[in-house]
Amino acid sequence: MLSFKNVTKVFYKGTADEKVALNNVSFTINDGEFVTIIGGNGSGKSTTLNVLTGNMNPDKGAVLLNDVDITNMPENKRAKYFARVFQDTNKGTAGSMQVIENMAIASRKGGHNGLGWYINKEQKQKYIEMLKSFNLGLETRLTTKTSVLSGGQRQALTLLMATLRAEPSHKQIIKDYSTFYMGDKEKAKQEVTKVYDEAKQAYKEALKELSKEKLSCKEKRTKKRALYDEFDAKIRKYDLTKQILLLDEHTAALDPKTAKKVLALTEKIVRENKLTTLMVTHNMRDAITYGDRLIMFYEGKIIHDISGKEKQQLTVEQLLNMFDEAEAQSINK
Amino acid sequence: MAGFFNTLPSVLDQGIIWGIMAIGVFITFKILDFADLTVDGSFATGGCLFAILTAAGVPVPLGFLISFFAGAAAGLITALLHCYLGIPGILAGILTQLMLWSINYKILGQASMPINSRDALISMNASSGVYTTIPIVIGIAAILILVLYWFFGTKYGSSIRATGSNEAMAKANGINVNARKIIALMISNGIVAFAGALLARFQGSADINMGRGAIVIGLAAIVIGTTLFGRLSKNFALNMGFVTVGAIIYFFVFQFIVYVTNEPELLKMLSAIVVAIFLAVPYIKNVYIKNAHSKHQRAKEAK
């Protein structure tokens with residue numbers, strides 16, 4: 001769950017150019033929701049994403065992840081909770097680096113950057129499979145620098161990269177669970193620690209048993225691996241920090257045909273990974289076609305929040321009427 | 001012409017040492033995309049510190065190591081000015097460079113100082129026969145390139161490259177870009193200071209002005225190396241090698257001009273012209289020659 005609580009952001013405060021980008025905005029987005037955000041220029045859509053990711057600090061109000069205030073968490077620390085795709089197709093990848101290097105960097109989001117070689121065979125194979133499954137023609141261009149790819153290819157690659165992250169360590173999972181669990185955090189901590197201790201104990205005992213058995217080295221190794229995976233899976237169930245996908249007009253710079261392809265890919269990735277998604281767009285048709293919920297911004301405020309059946313039946317005319325209404329109201333003021 | 005050819009071995013030495021410095025510049029200029037003017041100061045810091053340390057009887061390798069860390073400290077100052085005090089990169093470098101001029105004078109206690117060391121470990125005095133030093137400096141450059149190739153291929157190293165390539169992307173992927181800039185500037189200036197110490201050792205003297213124009217030489221080496229050989233390979237290690245070769249070419253051209261004109265006072269102007277020419281080559285190729293070529297093609301097709 002992700003929420004804004006009375007967030008206000010003013011640009012050029014105290015000058016003639018003062019601009020209220022967000023005016024006391026509150027909303028809550030539930031896990032797994034695919035939300036489209038629509039609004040005119042300067043209505044506060046992009047500022048919302050920037051405040052979410054920590055790129056900008058709000059003047060007032062708070063950003064909550066589950067029920068934890070993350071308003072003051074620095075951008076690079078927050079990165080593991082958010083995956084972003086920008087409008088500028090050059091912004092999502094490191095242009096002077098290879099496709100595979102970019103993917104490797106994305107796969108360490110929230111993890112450590114040690115002095116080991118940047119990729120190993122296993123990972124490389126995984127990335128190739130991933131690229132193949134998305135049919136982008138990139139699996140044969142692993143060592144191509146992303147700056148020479150087409151805008152659509154770069155955007156698609158950025159989307160793929162957005163789904164990658166470093167698998168959190170057990171310690172991290174326990175810490176996150178006791179921080180982000182909604183409800184009695186002390187109890188949650190006890191619970192997850194207990195599960196961890198028991199699983200570890202069971203794993204150790206199983207290893208002991210295994211060492212007594214008379215097996216070949218290779219068999220032992222596979223069994224050991226299986227035991228560890230079992231242990232690991234028990235802990236992973238408690239991993240609360242799924243990434244939230246933030247799309248900032250990510251198809252606005254593409255030609256209509258490519259935009260359609262990238263949007264289809266977006267839909268596929270979001271549904272397959274059950275990602276909580278916020279998609280900012282200018283395109284009303286896209287805002288209606290995609291997502292389960294639509295939020296409309298006007299001059300720094302949310303003026304409509306439509307979901308469920310109402311959202312499914314929404315038409316472009318209705319949306320246009322809503323805009324006109326809002327405009328008429330603001331002029332009458 | 002014989003006089004010219006006799007100087008070539010020492011020019012080669014000098015070229016490689018400045019090539020090592022250029023590798024330091026390569027890290028900031030090419031990898032981090034940061035024009036770091038600290039190097040004029042940190043190069044001299046390395047030389048001056050090395051001179052004073054050898055005079056005090058410190059072993060040569062330790063002298064090199066301390067010079068490296070002094071340069072890294074200079075890089076740290078620039079990085080802190082830039083990352084935490086919001087000073088634009090070029091200005092941060094100039095400020096540190098200015099500070100270093102005073103610091104270098106304090107280190108040396110005088111404007112220049114001869115080095116008289118009989119330490120045999122790395123015998124690199126011009127009078128002891130320059131031919132023996134060539135394999136040593138080549139070896140040092142090769143080891144440095146290999147170490148850097150490894151480093152920038154690691155997870156940490158590739159996060160530095162991402163920072164230089166696209167800061168927004170680096171941040172969005174959880175990379176602490178300030179930390180990366182600090183480390184890269186420290187490594188770069190450490191290498192530059194190490195090259196300064198090498199040059200002091202090679203020349204047998206250190207001078208507080210020995211770093212003047214170092215950034216220009218570094219950029220020249222990068223531009224010459226990558227313009228002439230860049231298309232041969234995109235390999236990272238080879239590109240650092242090209243930069244070193246670029247520095248060698250730069251010094252050969254230089255030596256030739258001095259030999260022909262016999263007016264060393266003109267050197268600074270000439271070096272600026274050489275750099276301008278090499279920097280202009282890619283632009284001229286793109287804008288004038290290609291355009292003229294396509295114009296020609298269009299005219300042909302029209303017929």
# chains A, B, ... in the order shown; residues from 1 in each chain; ligands from 1
call {"tool": "interface_residues", "arguments": {"of": "chain A", "to": "chain B", "cutoff": "9 Å", "atoms": "only C-alpha atoms", "output": "PyMOL selection string"}}
result
chain A and resi 53+75-80+82-84+90-97+101-102+104-119+162+165
call {"tool": "select_by_dssp", "arguments": {"residues": "range 207-269 of chain A", "states": "helix (DSSP H, G or I)", "output": "number ranges by chain"}}
result
A: 207-212, 217-236, 256-269
call {"tool": "write_last_selection", "arguments": {"atoms": "C-alpha atoms", "output": "mmCIF file, in the first residue's frame"}}
result
data_model
loop_
_atom_site.group_PDB
_atom_site.id
_atom_site.type_symbol
_atom_site.label_atom_id
_atom_site.label_comp_id
_atom_site.auth_asym_id
_atom_site.auth_seq_id
_atom_site.Cartn_x
_atom_site.Cartn_y
_atom_site.Cartn_z
ATOM 1 C CA LEU A 207 22.323 -30.971 6.612
ATOM 2 C CA LYS A 208 23.562 -33.085 9.490
ATOM 3 C CA GLU A 209 21.359 -35.950 8.380
ATOM 4 C CA LEU A 210 22.668 -35.562 4.885
ATOM 5 C CA SER A 211 26.298 -35.753 5.964
ATOM 6 C CA LYS A 212 25.605 -39.144 7.541
ATOM 7 C CA CYS A 217 29.669 -35.741 -4.004
ATOM 8 C CA LYS A 218 27.433 -34.648 -6.831
ATOM 9 C CA GLU A 219 24.278 -36.066 -5.315
ATOM 10 C CA LYS A 220 25.113 -34.438 -2.038
ATOM 11 C CA ARG A 221 25.544 -31.089 -3.699
ATOM 12 C CA THR A 222 22.156 -31.253 -5.435
ATOM 13 C CA LYS A 223 20.470 -32.336 -2.221
ATOM 14 C CA LYS A 224 22.187 -29.565 -0.296
ATOM 15 C CA ARG A 225 20.987 -27.088 -2.862
ATOM 16 C CA ALA A 226 17.418 -28.383 -2.616
ATOM 17 C CA LEU A 227 17.505 -28.125 1.155
ATOM 18 C CA TYR A 228 18.738 -24.559 0.976
ATOM 19 C CA ASP A 229 16.073 -23.618 -1.558
ATOM 20 C CA GLU A 230 13.425 -25.029 0.731
ATOM 21 C CA PHE A 231 14.812 -23.008 3.642
ATOM 22 C CA ASP A 232 15.077 -19.920 1.450
ATOM 23 C CA ALA A 233 11.493 -20.221 0.198
ATOM 24 C CA LYS A 234 10.176 -20.285 3.760
ATOM 25 C CA ILE A 235 11.765 -16.895 4.414
ATOM 26 C CA ARG A 236 10.937 -15.356 1.006
ATOM 27 C CA PRO A 256 2.071 5.558 -32.394
ATOM 28 C CA LYS A 257 2.995 2.074 -33.581
ATOM 29 C CA THR A 258 5.931 1.701 -31.204
ATOM 30 C CA ALA A 259 3.932 3.288 -28.391
ATOM 31 C CA LYS A 260 1.283 0.614 -28.832
ATOM 32 C CA LYS A 261 3.881 -2.148 -28.683
ATOM 33 C CA VAL A 262 5.485 -0.727 -25.559
ATOM 34 C CA LEU A 263 2.084 -0.350 -23.901
ATOM 35 C CA ALA A 264 1.228 -3.969 -24.693
ATOM 36 C CA LEU A 265 4.538 -4.997 -23.160
ATOM 37 C CA THR A 266 3.778 -2.836 -20.130
ATOM 38 C CA GLU A 267 0.422 -4.548 -19.669
ATOM 39 C CA LYS A 268 2.063 -7.963 -19.970
ATOM 40 C CA ILE A 269 4.788 -7.176 -17.449
#
call {"tool": "residues_around", "arguments": {"residues": "Tyr181 in chain A", "least_positions_apart": "2", "cutoff": "12 Å", "atoms": "only C-alpha atoms", "output": "ChimeraX atom specification"}}
result
/A:1,65-68,173-179,183-192,238-241
call {"tool": "write_last_selection", "arguments": {"atoms": "N, CA and C atoms", "output": "short mmCIF file (atom, residue, chain, number, x, y, z; two decimals), in the first residue's frame"}}
result
data_model
loop_
_atom_site.label_atom_id
_atom_site.label_comp_id
_atom_site.auth_asym_id
_atom_site.auth_seq_id
_atom_site.Cartn_x
_atom_site.Cartn_y
_atom_site.Cartn_z
N MET A 1 0.83 -1.19 0.00
CA MET A 1 0.00 0.00 0.00
C MET A 1 0.87 1.25 0.00
N LEU A 65 4.65 4.32 2.86
CA LEU A 65 4.72 3.00 2.23
C LEU A 65 4.19 2.04 3.28
N ASN A 66 3.12 1.33 2.96
CA ASN A 66 2.31 0.66 3.99
C ASN A 66 1.93 1.73 5.01
N ASP A 67 2.35 1.61 6.26
CA ASP A 67 2.01 2.73 7.14
C ASP A 67 3.27 3.40 7.67
N VAL A 68 4.37 3.25 6.92
CA VAL A 68 5.63 3.82 7.38
C VAL A 68 5.93 5.10 6.61
N ILE A 173 14.94 -9.15 4.67
CA ILE A 173 13.53 -9.52 4.66
C ILE A 173 12.94 -9.40 6.05
N ILE A 174 13.69 -9.89 7.03
CA ILE A 174 13.20 -9.82 8.41
C ILE A 174 13.03 -8.36 8.83
N LYS A 175 14.01 -7.55 8.48
CA LYS A 175 13.98 -6.13 8.85
C LYS A 175 12.78 -5.44 8.18
N ASP A 176 12.63 -5.67 6.88
CA ASP A 176 11.54 -5.03 6.14
C ASP A 176 10.19 -5.49 6.66
N TYR A 177 10.10 -6.80 6.98
CA TYR A 177 8.82 -7.33 7.44
C TYR A 177 8.45 -6.67 8.76
N SER A 178 9.43 -6.54 9.66
CA SER A 178 9.09 -5.93 10.94
C SER A 178 8.87 -4.42 10.82
N THR A 179 9.35 -3.82 9.73
CA THR A 179 9.12 -2.38 9.54
C THR A 179 7.80 -2.13 8.84
N GLY A 183 0.16 -3.29 11.15
CA GLY A 183 -0.47 -3.82 12.35
C GLY A 183 0.58 -3.84 13.45
N ASP A 184 0.50 -4.85 14.29
CA ASP A 184 1.42 -4.94 15.42
C ASP A 184 2.82 -5.31 14.92
N LYS A 185 3.71 -4.33 14.84
CA LYS A 185 5.03 -4.57 14.27
C LYS A 185 5.90 -5.43 15.18
N GLU A 186 5.71 -5.26 16.48
CA GLU A 186 6.50 -6.03 17.45
C GLU A 186 6.18 -7.52 17.29
N LYS A 187 4.89 -7.78 17.15
CA LYS A 187 4.43 -9.15 17.00
C LYS A 187 4.95 -9.74 15.67
N ALA A 188 4.88 -8.90 14.64
CA ALA A 188 5.34 -9.34 13.32
C ALA A 188 6.81 -9.72 13.38
N LYS A 189 7.57 -8.91 14.10
CA LYS A 189 9.01 -9.15 14.21
C LYS A 189 9.25 -10.50 14.91
N GLN A 190 8.52 -10.70 16.00
CA GLN A 190 8.66 -11.96 16.74
C GLN A 190 8.33 -13.14 15.84
N GLU A 191 7.24 -12.96 15.08
CA GLU A 191 6.78 -14.06 14.23
C GLU A 191 7.83 -14.42 13.18
N VAL A 192 8.31 -13.39 12.48
CA VAL A 192 9.24 -13.67 11.39
C VAL A 192 10.57 -14.19 11.92
N TYR A 238 7.93 -14.02 3.36
CA TYR A 238 7.73 -12.84 4.19
C TYR A 238 8.26 -11.56 3.54
N ASP A 239 8.68 -11.68 2.29
CA ASP A 239 9.21 -10.52 1.59
C ASP A 239 8.07 -9.57 1.22
N LEU A 240 8.01 -8.45 1.92
CA LEU A 240 6.90 -7.52 1.72
C LEU A 240 7.17 -6.47 0.66
N THR A 241 8.44 -6.31 0.33
CA THR A 241 8.81 -5.15 -0.49
C THR A 241 8.79 -5.50 -1.96
#
call {"tool": "atom_distance", "arguments": {"atom1": "CA of Phe297 in chain A", "atom2": "CA of Thr277 in chain A"}}
result
16.9 Å
call {"tool": "residues_around", "arguments": {"residues": "Ala247 in chain B", "least_positions_apart": "6", "cutoff": "8 Å", "atoms": "only C-alpha atoms", "output": "PyMOL selection string"}}
result
chain B and resi 15-16+18-19+22+217-218+220-222+224-225
call {"tool": "residues_around", "arguments": {"residues": "Thr89 in chain A", "least_positions_apart": "5", "cutoff": "7 Å", "atoms": "only C-alpha atoms", "output": "VMD selection string"}}
result
chain A and resid 151 154 to 155
call {"tool": "residues_around", "arguments": {"residues": "range 127-130 of chain A", "least_positions_apart": "3", "cutoff": "6 Å", "atoms": "only C-alpha atoms", "output": "PyMOL selection string"}}
result
chain A and resi 124+133+139
call {"tool": "residues_around", "arguments": {"residues": "range 98-114 of chain B", "least_positions_apart": "5", "cutoff": "6 Å", "atoms": "only C-alpha atoms", "output": "VMD selection string"}}
result
chain B and resid 41 45 48 204 to 208
call {"tool": "decode", "arguments": {"residues": "range 254-272 of chain B", "atoms": "N, CA, C and O atoms", "output": "PDB file, in the first residue's frame"}}
result
ATOM      1  N   PHE B 254      55.516  17.219 -30.390  1.00  0.00           N
ATOM      2  CA  PHE B 254      56.038  18.324 -29.624  1.00  0.00           C
ATOM      3  C   PHE B 254      57.536  18.499 -29.806  1.00  0.00           C
ATOM      4  O   PHE B 254      58.037  19.573 -30.120  1.00  0.00           O
ATOM      5  N   GLN B 255      58.237  17.385 -29.604  1.00  0.00           N
ATOM      6  CA  GLN B 255      59.694  17.389 -29.703  1.00  0.00           C
ATOM      7  C   GLN B 255      60.113  17.818 -31.104  1.00  0.00           C
ATOM      8  O   GLN B 255      61.063  18.584 -31.280  1.00  0.00           O
ATOM      9  N   PHE B 256      59.380  17.334 -32.071  1.00  0.00           N
ATOM     10  CA  PHE B 256      59.705  17.657 -33.460  1.00  0.00           C
ATOM     11  C   PHE B 256      59.542  19.159 -33.700  1.00  0.00           C
ATOM     12  O   PHE B 256      60.400  19.801 -34.312  1.00  0.00           O
ATOM     13  N   ILE B 257      58.459  19.708 -33.195  1.00  0.00           N
ATOM     14  CA  ILE B 257      58.212  21.144 -33.382  1.00  0.00           C
ATOM     15  C   ILE B 257      59.309  21.961 -32.717  1.00  0.00           C
ATOM     16  O   ILE B 257      59.823  22.924 -33.287  1.00  0.00           O
ATOM     17  N   VAL B 258      59.687  21.547 -31.514  1.00  0.00           N
ATOM     18  CA  VAL B 258      60.756  22.255 -30.804  1.00  0.00           C
ATOM     19  C   VAL B 258      62.051  22.175 -31.611  1.00  0.00           C
ATOM     20  O   VAL B 258      62.781  23.160 -31.753  1.00  0.00           O
ATOM     21  N   TYR B 259      62.308  20.990 -32.140  1.00  0.00           N
ATOM     22  CA  TYR B 259      63.544  20.785 -32.908  1.00  0.00           C
ATOM     23  C   TYR B 259      63.554  21.683 -34.146  1.00  0.00           C
ATOM     24  O   TYR B 259      64.565  22.308 -34.466  1.00  0.00           O
ATOM     25  N   VAL B 260      62.419  21.767 -34.805  1.00  0.00           N
ATOM     26  CA  VAL B 260      62.354  22.554 -36.037  1.00  0.00           C
ATOM     27  C   VAL B 260      62.420  24.044 -35.751  1.00  0.00           C
ATOM     28  O   VAL B 260      63.170  24.786 -36.390  1.00  0.00           O
ATOM     29  N   THR B 261      61.638  24.495 -34.785  1.00  0.00           N
ATOM     30  CA  THR B 261      61.567  25.938 -34.539  1.00  0.00           C
ATOM     31  C   THR B 261      62.685  26.417 -33.629  1.00  0.00           C
ATOM     32  O   THR B 261      63.083  27.574 -33.688  1.00  0.00           O
ATOM     33  N   ASN B 262      63.158  25.499 -32.735  1.00  0.00           N
ATOM     34  CA  ASN B 262      64.198  25.844 -31.784  1.00  0.00           C
ATOM     35  C   ASN B 262      63.799  27.006 -30.881  1.00  0.00           C
ATOM     36  O   ASN B 262      64.625  27.825 -30.500  1.00  0.00           O
ATOM     37  N   GLU B 263      62.534  27.099 -30.588  1.00  0.00           N
ATOM     38  CA  GLU B 263      62.100  28.165 -29.690  1.00  0.00           C
ATOM     39  C   GLU B 263      61.183  27.588 -28.613  1.00  0.00           C
ATOM     40  O   GLU B 263      59.970  27.566 -28.765  1.00  0.00           O
ATOM     41  N   PRO B 264      61.760  27.099 -27.515  1.00  0.00           N
ATOM     42  CA  PRO B 264      60.961  26.447 -26.472  1.00  0.00           C
ATOM     43  C   PRO B 264      59.908  27.387 -25.870  1.00  0.00           C
ATOM     44  O   PRO B 264      58.923  26.924 -25.302  1.00  0.00           O
ATOM     45  N   GLU B 265      60.118  28.694 -25.997  1.00  0.00           N
ATOM     46  CA  GLU B 265      59.136  29.632 -25.426  1.00  0.00           C
ATOM     47  C   GLU B 265      57.787  29.502 -26.110  1.00  0.00           C
ATOM     48  O   GLU B 265      56.756  29.838 -25.541  1.00  0.00           O
ATOM     49  N   LEU B 266      57.823  29.029 -27.347  1.00  0.00           N
ATOM     50  CA  LEU B 266      56.566  28.925 -28.095  1.00  0.00           C
ATOM     51  C   LEU B 266      55.768  27.668 -27.724  1.00  0.00           C
ATOM     52  O   LEU B 266      54.661  27.467 -28.185  1.00  0.00           O
ATOM     53  N   LEU B 267      56.394  26.833 -26.859  1.00  0.00           N
ATOM     54  CA  LEU B 267      55.793  25.529 -26.565  1.00  0.00           C
ATOM     55  C   LEU B 267      54.339  25.595 -26.138  1.00  0.00           C
ATOM     56  O   LEU B 267      53.501  24.832 -26.616  1.00  0.00           O
ATOM     57  N   LYS B 268      54.045  26.495 -25.218  1.00  0.00           N
ATOM     58  CA  LYS B 268      52.675  26.544 -24.678  1.00  0.00           C
ATOM     59  C   LYS B 268      51.675  26.826 -25.798  1.00  0.00           C
ATOM     60  O   LYS B 268      50.628  26.180 -25.878  1.00  0.00           O
ATOM     61  N   MET B 269      52.038  27.813 -26.628  1.00  0.00           N
ATOM     62  CA  MET B 269      51.130  28.143 -27.711  1.00  0.00           C
ATOM     63  C   MET B 269      50.983  26.951 -28.661  1.00  0.00           C
ATOM     64  O   MET B 269      49.878  26.585 -29.056  1.00  0.00           O
ATOM     65  N   LEU B 270      52.129  26.351 -28.977  1.00  0.00           N
ATOM     66  CA  LEU B 270      52.089  25.215 -29.894  1.00  0.00           C
ATOM     67  C   LEU B 270      51.241  24.076 -29.340  1.00  0.00           C
ATOM     68  O   LEU B 270      50.464  23.456 -30.052  1.00  0.00           O
ATOM     69  N   SER B 271      51.399  23.842 -28.026  1.00  0.00           N
ATOM     70  CA  SER B 271      50.643  22.721 -27.462  1.00  0.00           C
ATOM     71  C   SER B 271      49.151  23.004 -27.523  1.00  0.00           C
ATOM     72  O   SER B 271      48.357  22.106 -27.808  1.00  0.00           O
ATOM     73  N   ALA B 272      48.789  24.269 -27.292  1.00  0.00           N
ATOM     74  CA  ALA B 272      47.366  24.615 -27.388  1.00  0.00           C
ATOM     75  C   ALA B 272      46.872  24.387 -28.810  1.00  0.00           C
ATOM     76  O   ALA B 272      45.763  23.879 -29.029  1.00  0.00           O
TER      77      ALA B 272
END
